[in-house]
file my_file-v9.pdb (PDB, N, CA and C atoms)
ATOM      1  N   MET A   1      -4.779 -23.709 -31.896
ATOM      2  CA  MET A   1      -3.787 -22.680 -31.684
ATOM      3  C   MET A   1      -4.423 -21.292 -31.838
ATOM      4  N   ARG A   2      -5.262 -21.136 -32.857
ATOM      5  CA  ARG A   2      -5.943 -19.852 -33.061
ATOM      6  C   ARG A   2      -6.809 -19.493 -31.864
ATOM      7  N   ARG A   3      -7.501 -20.498 -31.357
ATOM      8  CA  ARG A   3      -8.386 -20.265 -30.227
ATOM      9  C   ARG A   3      -7.584 -19.791 -29.011
ATOM     10  N   LEU A   4      -6.419 -20.373 -28.800
ATOM     11  CA  LEU A   4      -5.560 -19.983 -27.690
ATOM     12  C   LEU A   4      -5.086 -18.540 -27.853
ATOM     13  N   LEU A   5      -4.683 -18.179 -29.055
ATOM     14  CA  LEU A   5      -4.241 -16.806 -29.309
ATOM     15  C   LEU A   5      -5.379 -15.810 -29.129
ATOM     16  N   LEU A   6      -6.562 -16.155 -29.604
ATOM     17  CA  LEU A   6      -7.722 -15.282 -29.457
ATOM     18  C   LEU A   6      -8.077 -15.105 -27.989
ATOM     19  N   THR A   7      -8.046 -16.188 -27.231
ATOM     20  CA  THR A   7      -8.336 -16.122 -25.794
ATOM     21  C   THR A   7      -7.324 -15.232 -25.079
ATOM     22  N   ALA A   8      -6.063 -15.377 -25.415
ATOM     23  CA  ALA A   8      -5.014 -14.557 -24.796
ATOM     24  C   ALA A   8      -5.210 -13.086 -25.149
ATOM     25  N   ALA A   9      -5.527 -12.809 -26.394
ATOM     26  CA  ALA A   9      -5.734 -11.426 -26.823
ATOM     27  C   ALA A   9      -6.923 -10.802 -26.098
ATOM     28  N   LEU A  10      -7.992 -11.543 -25.958
ATOM     29  CA  LEU A  10      -9.170 -11.030 -25.259
ATOM     30  C   LEU A  10      -8.897 -10.833 -23.776
ATOM     31  N   ALA A  11      -8.114 -11.705 -23.200
ATOM     32  CA  ALA A  11      -7.805 -11.591 -21.780
ATOM     33  C   ALA A  11      -6.919 -10.384 -21.494
ATOM     34  N   LEU A  12      -6.025 -10.053 -22.404
ATOM     35  CA  LEU A  12      -5.094  -8.951 -22.198
ATOM     36  C   LEU A  12      -5.637  -7.603 -22.638
ATOM     37  N   SER A  13      -6.673  -7.574 -23.447
ATOM     38  CA  SER A  13      -7.185  -6.305 -23.966
ATOM     39  C   SER A  13      -7.658  -5.337 -22.877
ATOM     40  N   PRO A  14      -8.272  -5.790 -21.779
ATOM     41  CA  PRO A  14      -8.640  -4.826 -20.735
ATOM     42  C   PRO A  14      -7.414  -4.158 -20.108
ATOM     43  N   LEU A  15      -6.300  -4.868 -20.028
ATOM     44  CA  LEU A  15      -5.084  -4.293 -19.470
ATOM     45  C   LEU A  15      -4.569  -3.160 -20.349
ATOM     46  N   ALA A  16      -4.663  -3.321 -21.643
ATOM     47  CA  ALA A  16      -4.218  -2.277 -22.561
ATOM     48  C   ALA A  16      -5.091  -1.033 -22.420
ATOM     49  N   ALA A  17      -6.361  -1.241 -22.169
ATOM     50  CA  ALA A  17      -7.271  -0.106 -22.019
ATOM     51  C   ALA A  17      -6.968   0.687 -20.746
ATOM     52  N   LEU A  18      -6.415   0.023 -19.738
ATOM     53  CA  LEU A  18      -6.102   0.691 -18.480
ATOM     54  C   LEU A  18      -4.778   1.447 -18.524
ATOM     55  N   ALA A  19      -3.917   1.133 -19.481
ATOM     56  CA  ALA A  19      -2.607   1.782 -19.550
ATOM     57  C   ALA A  19      -2.768   3.258 -19.886
ATOM     58  N   GLY A  20      -1.955   4.079 -19.242
ATOM     59  CA  GLY A  20      -1.998   5.514 -19.501
ATOM     60  C   GLY A  20      -1.421   5.845 -20.864
ATOM     61  N   ALA A  21      -1.864   6.953 -21.415
ATOM     62  CA  ALA A  21      -1.322   7.398 -22.692
ATOM     63  C   ALA A  21       0.140   7.773 -22.490
ATOM     64  N   PRO A  22       0.987   7.465 -23.449
ATOM     65  CA  PRO A  22       2.402   7.821 -23.312
ATOM     66  C   PRO A  22       2.562   9.327 -23.087
ATOM     67  N   GLN A  23       3.527   9.674 -22.292
ATOM     68  CA  GLN A  23       3.805  11.067 -21.973
ATOM     69  C   GLN A  23       5.233  11.378 -22.425
ATOM     70  N   THR A  24       5.462  12.601 -22.884
ATOM     71  CA  THR A  24       6.788  13.008 -23.329
ATOM     72  C   THR A  24       7.231  14.224 -22.535
ATOM     73  N   VAL A  25       8.496  14.201 -22.112
ATOM     74  CA  VAL A  25       9.071  15.314 -21.368
ATOM     75  C   VAL A  25      10.458  15.602 -21.951
ATOM     76  N   THR A  26      10.826  16.875 -21.946
ATOM     77  CA  THR A  26      12.165  17.272 -22.373
ATOM     78  C   THR A  26      12.934  17.745 -21.154
ATOM     79  N   LEU A  27      14.119  17.179 -20.984
ATOM     80  CA  LEU A  27      14.964  17.520 -19.850
ATOM     81  C   LEU A  27      16.152  18.355 -20.314
ATOM     82  N   ASP A  28      16.498  19.372 -19.536
ATOM     83  CA  ASP A  28      17.762  20.096 -19.707
ATOM     84  C   ASP A  28      18.795  19.293 -18.936
ATOM     85  N   VAL A  29      19.835  18.857 -19.616
ATOM     86  CA  VAL A  29      20.827  17.987 -18.993
ATOM     87  C   VAL A  29      22.152  18.732 -18.843
ATOM     88  N   LYS A  30      22.680  18.739 -17.640
ATOM     89  CA  LYS A  30      23.950  19.410 -17.345
ATOM     90  C   LYS A  30      25.127  18.445 -17.521
ATOM     91  N   ASN A  31      26.311  18.994 -17.652
ATOM     92  CA  ASN A  31      27.578  18.256 -17.669
ATOM     93  C   ASN A  31      27.846  17.448 -18.935
ATOM     94  N   MET A  32      27.075  17.624 -19.988
ATOM     95  CA  MET A  32      27.370  16.905 -21.231
ATOM     96  C   MET A  32      28.447  17.700 -21.977
ATOM     97  N   THR A  33      29.665  17.185 -21.944
ATOM     98  CA  THR A  33      30.782  17.923 -22.523
ATOM     99  C   THR A  33      31.544  17.163 -23.596
ATOM    100  N   CYS A  34      31.232  15.897 -23.799
ATOM    101  CA  CYS A  34      31.976  15.117 -24.799
ATOM    102  C   CYS A  34      31.013  14.262 -25.625
ATOM    103  N   SER A  35      31.565  13.565 -26.596
ATOM    104  CA  SER A  35      30.722  12.777 -27.501
ATOM    105  C   SER A  35      30.149  11.524 -26.842
ATOM    106  N   VAL A  36      30.725  11.087 -25.740
ATOM    107  CA  VAL A  36      30.226   9.899 -25.048
ATOM    108  C   VAL A  36      29.096  10.247 -24.077
ATOM    109  N   CYS A  37      29.042  11.480 -23.623
ATOM    110  CA  CYS A  37      28.028  11.893 -22.635
ATOM    111  C   CYS A  37      26.586  11.579 -23.073
ATOM    112  N   PRO A  38      26.185  11.918 -24.304
ATOM    113  CA  PRO A  38      24.802  11.609 -24.700
ATOM    114  C   PRO A  38      24.480  10.116 -24.656
ATOM    115  N   ILE A  39      25.472   9.296 -24.942
ATOM    116  CA  ILE A  39      25.260   7.843 -24.894
ATOM    117  C   ILE A  39      25.002   7.407 -23.453
ATOM    118  N   THR A  40      25.785   7.942 -22.531
ATOM    119  CA  THR A  40      25.621   7.613 -21.113
ATOM    120  C   THR A  40      24.258   8.065 -20.609
ATOM    121  N   VAL A  41      23.860   9.267 -20.989
ATOM    122  CA  VAL A  41      22.547   9.793 -20.576
ATOM    123  C   VAL A  41      21.433   8.925 -21.150
ATOM    124  N   ARG A  42      21.523   8.589 -22.421
ATOM    125  CA  ARG A  42      20.494   7.756 -23.061
ATOM    126  C   ARG A  42      20.372   6.413 -22.363
ATOM    127  N   LYS A  43      21.498   5.768 -22.096
ATOM    128  CA  LYS A  43      21.459   4.455 -21.450
ATOM    129  C   LYS A  43      20.885   4.533 -20.038
ATOM    130  N   ALA A  44      21.214   5.596 -19.311
ATOM    131  CA  ALA A  44      20.670   5.761 -17.958
ATOM    132  C   ALA A  44      19.151   5.903 -18.008
ATOM    133  N   LEU A  45      18.651   6.685 -18.964
ATOM    134  CA  LEU A  45      17.205   6.891 -19.081
ATOM    135  C   LEU A  45      16.491   5.636 -19.562
ATOM    136  N   GLU A  46      17.111   4.891 -20.454
ATOM    137  CA  GLU A  46      16.480   3.666 -20.963
ATOM    138  C   GLU A  46      16.319   2.606 -19.879
ATOM    139  N   LYS A  47      17.097   2.691 -18.819
ATOM    140  CA  LYS A  47      16.990   1.724 -17.724
ATOM    141  C   LYS A  47      15.795   1.995 -16.811
ATOM    142  N   VAL A  48      15.211   3.179 -16.917
ATOM    143  CA  VAL A  48      14.053   3.508 -16.076
ATOM    144  C   VAL A  48      12.842   2.717 -16.587
ATOM    145  N   ARG A  49      12.210   2.015 -15.688
ATOM    146  CA  ARG A  49      11.040   1.202 -16.048
ATOM    147  C   ARG A  49       9.951   2.103 -16.626
ATOM    148  N   GLY A  50       9.410   1.725 -17.763
ATOM    149  CA  GLY A  50       8.329   2.479 -18.389
ATOM    150  C   GLY A  50       8.773   3.408 -19.498
ATOM    151  N   VAL A  51      10.082   3.575 -19.674
ATOM    152  CA  VAL A  51      10.577   4.448 -20.740
ATOM    153  C   VAL A  51      10.449   3.725 -22.076
ATOM    154  N   ALA A  52       9.814   4.408 -23.030
ATOM    155  CA  ALA A  52       9.601   3.830 -24.354
ATOM    156  C   ALA A  52      10.658   4.291 -25.351
ATOM    157  N   SER A  53      11.064   5.570 -25.270
ATOM    158  CA  SER A  53      12.080   6.070 -26.198
ATOM    159  C   SER A  53      12.820   7.248 -25.585
ATOM    160  N   VAL A  54      14.070   7.410 -26.037
ATOM    161  CA  VAL A  54      14.922   8.495 -25.566
ATOM    162  C   VAL A  54      15.666   9.069 -26.756
ATOM    163  N   LYS A  55      15.665  10.395 -26.868
ATOM    164  CA  LYS A  55      16.456  11.081 -27.888
ATOM    165  C   LYS A  55      17.255  12.159 -27.173
ATOM    166  N   VAL A  56      18.585  12.034 -27.224
ATOM    167  CA  VAL A  56      19.463  12.996 -26.570
ATOM    168  C   VAL A  56      20.088  13.878 -27.645
ATOM    169  N   ASP A  57      19.998  15.174 -27.445
ATOM    170  CA  ASP A  57      20.580  16.135 -28.379
ATOM    171  C   ASP A  57      21.750  16.838 -27.692
ATOM    172  N   PRO A  58      22.987  16.480 -28.069
ATOM    173  CA  PRO A  58      24.142  17.078 -27.400
ATOM    174  C   PRO A  58      24.312  18.565 -27.708
ATOM    175  N   ASP A  59      23.808  19.021 -28.839
ATOM    176  CA  ASP A  59      23.940  20.437 -29.198
ATOM    177  C   ASP A  59      23.115  21.336 -28.281
ATOM    178  N   THR A  60      21.897  20.904 -27.981
ATOM    179  CA  THR A  60      21.033  21.698 -27.097
ATOM    180  C   THR A  60      21.102  21.226 -25.648
ATOM    181  N   LYS A  61      21.855  20.149 -25.427
ATOM    182  CA  LYS A  61      21.994  19.548 -24.097
ATOM    183  C   LYS A  61      20.627  19.207 -23.493
ATOM    184  N   THR A  62      19.820  18.527 -24.307
ATOM    185  CA  THR A  62      18.496  18.099 -23.865
ATOM    186  C   THR A  62      18.298  16.609 -24.127
ATOM    187  N   ALA A  63      17.354  16.043 -23.405
ATOM    188  CA  ALA A  63      16.930  14.666 -23.625
ATOM    189  C   ALA A  63      15.411  14.671 -23.681
ATOM    190  N   THR A  64      14.867  14.131 -24.752
ATOM    191  CA  THR A  64      13.421  14.020 -24.901
ATOM    192  C   THR A  64      13.052  12.569 -24.651
ATOM    193  N   VAL A  65      12.194  12.354 -23.667
ATOM    194  CA  VAL A  65      11.872  11.005 -23.214
ATOM    195  C   VAL A  65      10.376  10.772 -23.301
ATOM    196  N   THR A  66       9.985   9.650 -23.906
ATOM    197  CA  THR A  66       8.592   9.222 -23.940
ATOM    198  C   THR A  66       8.476   8.027 -22.997
ATOM    199  N   PHE A  67       7.478   8.078 -22.124
ATOM    200  CA  PHE A  67       7.359   7.044 -21.098
ATOM    201  C   PHE A  67       5.905   6.806 -20.730
ATOM    202  N   ASP A  68       5.680   5.691 -20.048
ATOM    203  CA  ASP A  68       4.367   5.334 -19.525
ATOM    204  C   ASP A  68       4.216   6.005 -18.162
ATOM    205  N   PRO A  69       3.285   6.953 -18.016
ATOM    206  CA  PRO A  69       3.151   7.667 -16.745
ATOM    207  C   PRO A  69       2.689   6.792 -15.583
ATOM    208  N   ASP A  70       2.212   5.598 -15.869
ATOM    209  CA  ASP A  70       1.841   4.677 -14.804
ATOM    210  C   ASP A  70       3.063   3.977 -14.214
ATOM    211  N   LYS A  71       4.194   4.033 -14.936
ATOM    212  CA  LYS A  71       5.397   3.330 -14.496
ATOM    213  C   LYS A  71       6.560   4.268 -14.190
ATOM    214  N   ALA A  72       6.552   5.462 -14.740
ATOM    215  CA  ALA A  72       7.663   6.401 -14.555
ATOM    216  C   ALA A  72       7.122   7.814 -14.430
ATOM    217  N   ASN A  73       7.993   8.715 -14.018
ATOM    218  CA  ASN A  73       7.630  10.136 -13.941
ATOM    219  C   ASN A  73       8.902  10.961 -14.133
ATOM    220  N   ALA A  74       8.734  12.264 -14.223
ATOM    221  CA  ALA A  74       9.880  13.143 -14.465
ATOM    222  C   ALA A  74      10.912  13.033 -13.347
ATOM    223  N   ALA A  75      10.464  12.867 -12.125
ATOM    224  CA  ALA A  75      11.394  12.746 -11.001
ATOM    225  C   ALA A  75      12.291  11.517 -11.144
ATOM    226  N   ALA A  76      11.717  10.407 -11.583
ATOM    227  CA  ALA A  76      12.508   9.187 -11.784
ATOM    228  C   ALA A  76      13.515   9.372 -12.913
ATOM    229  N   LEU A  77      13.124  10.103 -13.951
ATOM    230  CA  LEU A  77      14.030  10.361 -15.063
ATOM    231  C   LEU A  77      15.189  11.245 -14.613
ATOM    232  N   MET A  78      14.885  12.290 -13.860
ATOM    233  CA  MET A  78      15.931  13.192 -13.369
ATOM    234  C   MET A  78      16.860  12.480 -12.389
ATOM    235  N   LYS A  79      16.311  11.579 -11.596
ATOM    236  CA  LYS A  79      17.129  10.808 -10.666
ATOM    237  C   LYS A  79      18.105   9.919 -11.440
ATOM    238  N   ALA A  80      17.628   9.305 -12.515
ATOM    239  CA  ALA A  80      18.485   8.424 -13.316
ATOM    240  C   ALA A  80      19.643   9.194 -13.936
ATOM    241  N   THR A  81      19.378  10.375 -14.469
ATOM    242  CA  THR A  81      20.467  11.131 -15.083
ATOM    243  C   THR A  81      21.425  11.650 -14.010
ATOM    244  N   ALA A  82      20.904  12.075 -12.873
ATOM    245  CA  ALA A  82      21.758  12.575 -11.783
ATOM    246  C   ALA A  82      22.681  11.463 -11.269
ATOM    247  N   GLU A  83      22.146  10.264 -11.126
ATOM    248  CA  GLU A  83      22.956   9.132 -10.651
ATOM    249  C   GLU A  83      24.045   8.772 -11.656
ATOM    250  N   ALA A  84      23.831   9.106 -12.929
ATOM    251  CA  ALA A  84      24.834   8.857 -13.954
ATOM    252  C   ALA A  84      25.835  10.011 -14.057
ATOM    253  N   GLY A  85      25.625  11.064 -13.260
ATOM    254  CA  GLY A  85      26.536  12.196 -13.251
ATOM    255  C   GLY A  85      26.086  13.385 -14.077
ATOM    256  N   TYR A  86      24.809  13.374 -14.477
ATOM    257  CA  TYR A  86      24.270  14.428 -15.329
ATOM    258  C   TYR A  86      22.972  14.959 -14.726
ATOM    259  N   PRO A  87      23.067  15.927 -13.821
ATOM    260  CA  PRO A  87      21.842  16.499 -13.245
ATOM    261  C   PRO A  87      20.957  17.073 -14.348
ATOM    262  N   ALA A  88      19.664  16.952 -14.163
ATOM    263  CA  ALA A  88      18.727  17.421 -15.184
ATOM    264  C   ALA A  88      17.538  18.100 -14.527
ATOM    265  N   SER A  89      16.864  18.912 -15.309
ATOM    266  CA  SER A  89      15.618  19.541 -14.866
ATOM    267  C   SER A  89      14.654  19.539 -16.046
ATOM    268  N   VAL A  90      13.367  19.611 -15.731
ATOM    269  CA  VAL A  90      12.355  19.635 -16.783
ATOM    270  C   VAL A  90      12.445  20.978 -17.501
ATOM    271  N   LYS A  91      12.454  20.924 -18.804
ATOM    272  CA  LYS A  91      12.545  22.144 -19.602
ATOM    273  C   LYS A  91      11.200  22.805 -19.696
TER
END

call {"tool": "encode", "arguments": {"input": "my_file-v9.pdb", "output": "structure tokens"}}
result
Amino acid sequence: MRRLLLTAALALSPLAALAGAPQTVTLDVKNMTCSVCPITVRKALEKVRGVASVKVDPDTKTATVTFDPDKANAAALMKATAEAGYPASVK
């Protein structure tokens, strides 16, 4: 069993080396007017492939998103919030 785990770890290690460093972007989010809005924005962003974490601040109307740049980009994040009814732009 150990040998199998070691083999799997060695086989996957080159893939980890190829992954891009996580990137963080802060979005200005429009139309957040109630207590449910940040939840909707967070869920929309979490559905984007490659997103690692999302923090939505309703007071400043921003969303800070950490993502894998090989799988997502700011345009995909803004598209997700716009489709949920919350247009956004990079801060």

call {"tool": "resolve_selection", "arguments": {"input": "my_file-v9.pdb", "expression": "the PyMOL selection byres ((chain A and resi 70-83) around 6.5)", "output": "number ranges by chain"}}
result
A: 20, 41, 44-45, 49-51, 67-69, 84-89

call {"tool": "atom_distance", "arguments": {"input": "my_file-v9.pdb", "atom1": "atom N of A:Val36", "atom2": "atom C of A:Pro22"}}
result
28.3 Å

call {"tool": "atom_distance", "arguments": {"input": "my_file-v9.pdb", "atom1": "atom C of A:Ile39", "atom2": "atom N of A:Val54"}}
result
11.2 Å

call {"tool": "residues_around", "arguments": {"input": "my_file-v9.pdb", "residues": "A:Lys91", "least_positions_apart": "2", "cutoff": "7 Å", "atoms": "only N, CA and C atoms", "output": "PyMOL selection string"}}
result
chain A and resi 25-28+89

call {"tool": "write_last_selection", "arguments": {"input": "my_file-v9.pdb", "atoms": "N, CA and C atoms", "output": "PDB file, in the frame of the given file"}}
result
ATOM      1  N   VAL A  25       8.496  14.201 -22.112  1.00  0.00           N
ATOM      2  CA  VAL A  25       9.071  15.314 -21.368  1.00  0.00           C
ATOM      3  C   VAL A  25      10.458  15.602 -21.951  1.00  0.00           C
ATOM      4  N   THR A  26      10.826  16.875 -21.946  1.00  0.00           N
ATOM      5  CA  THR A  26      12.165  17.272 -22.373  1.00  0.00           C
ATOM      6  C   THR A  26      12.934  17.745 -21.154  1.00  0.00           C
ATOM      7  N   LEU A  27      14.119  17.179 -20.984  1.00  0.00           N
ATOM      8  CA  LEU A  27      14.964  17.520 -19.850  1.00  0.00           C
ATOM      9  C   LEU A  27      16.152  18.355 -20.314  1.00  0.00           C
ATOM     10  N   ASP A  28      16.498  19.372 -19.536  1.00  0.00           N
ATOM     11  CA  ASP A  28      17.762  20.096 -19.707  1.00  0.00           C
ATOM     12  C   ASP A  28      18.795  19.293 -18.936  1.00  0.00           C
ATOM     13  N   SER A  89      16.864  18.912 -15.309  1.00  0.00           N
ATOM     14  CA  SER A  89      15.618  19.541 -14.866  1.00  0.00           C
ATOM     15  C   SER A  89      14.654  19.539 -16.046  1.00  0.00           C
TER      16      SER A  89
END

call {"tool": "resolve_selection", "arguments": {"input": "my_file-v9.pdb", "expression": "the PyMOL selection byres (((chain A and resi 56 and name CA) around 9) and name CA)", "output": "list in words"}}
result
Pro38, Ile39, Val41, Arg42, Val54, Lys55, Asp57, Pro58, Thr60, Lys61, Thr62, Ala63, Thr64 and Val65 of chain A

call {"tool": "atom_distance", "arguments": {"input": "my_file-v9.pdb", "atom1": "atom CA of A:Thr66", "atom2": "atom CA of A:Ser35"}}
result
22.7 Å
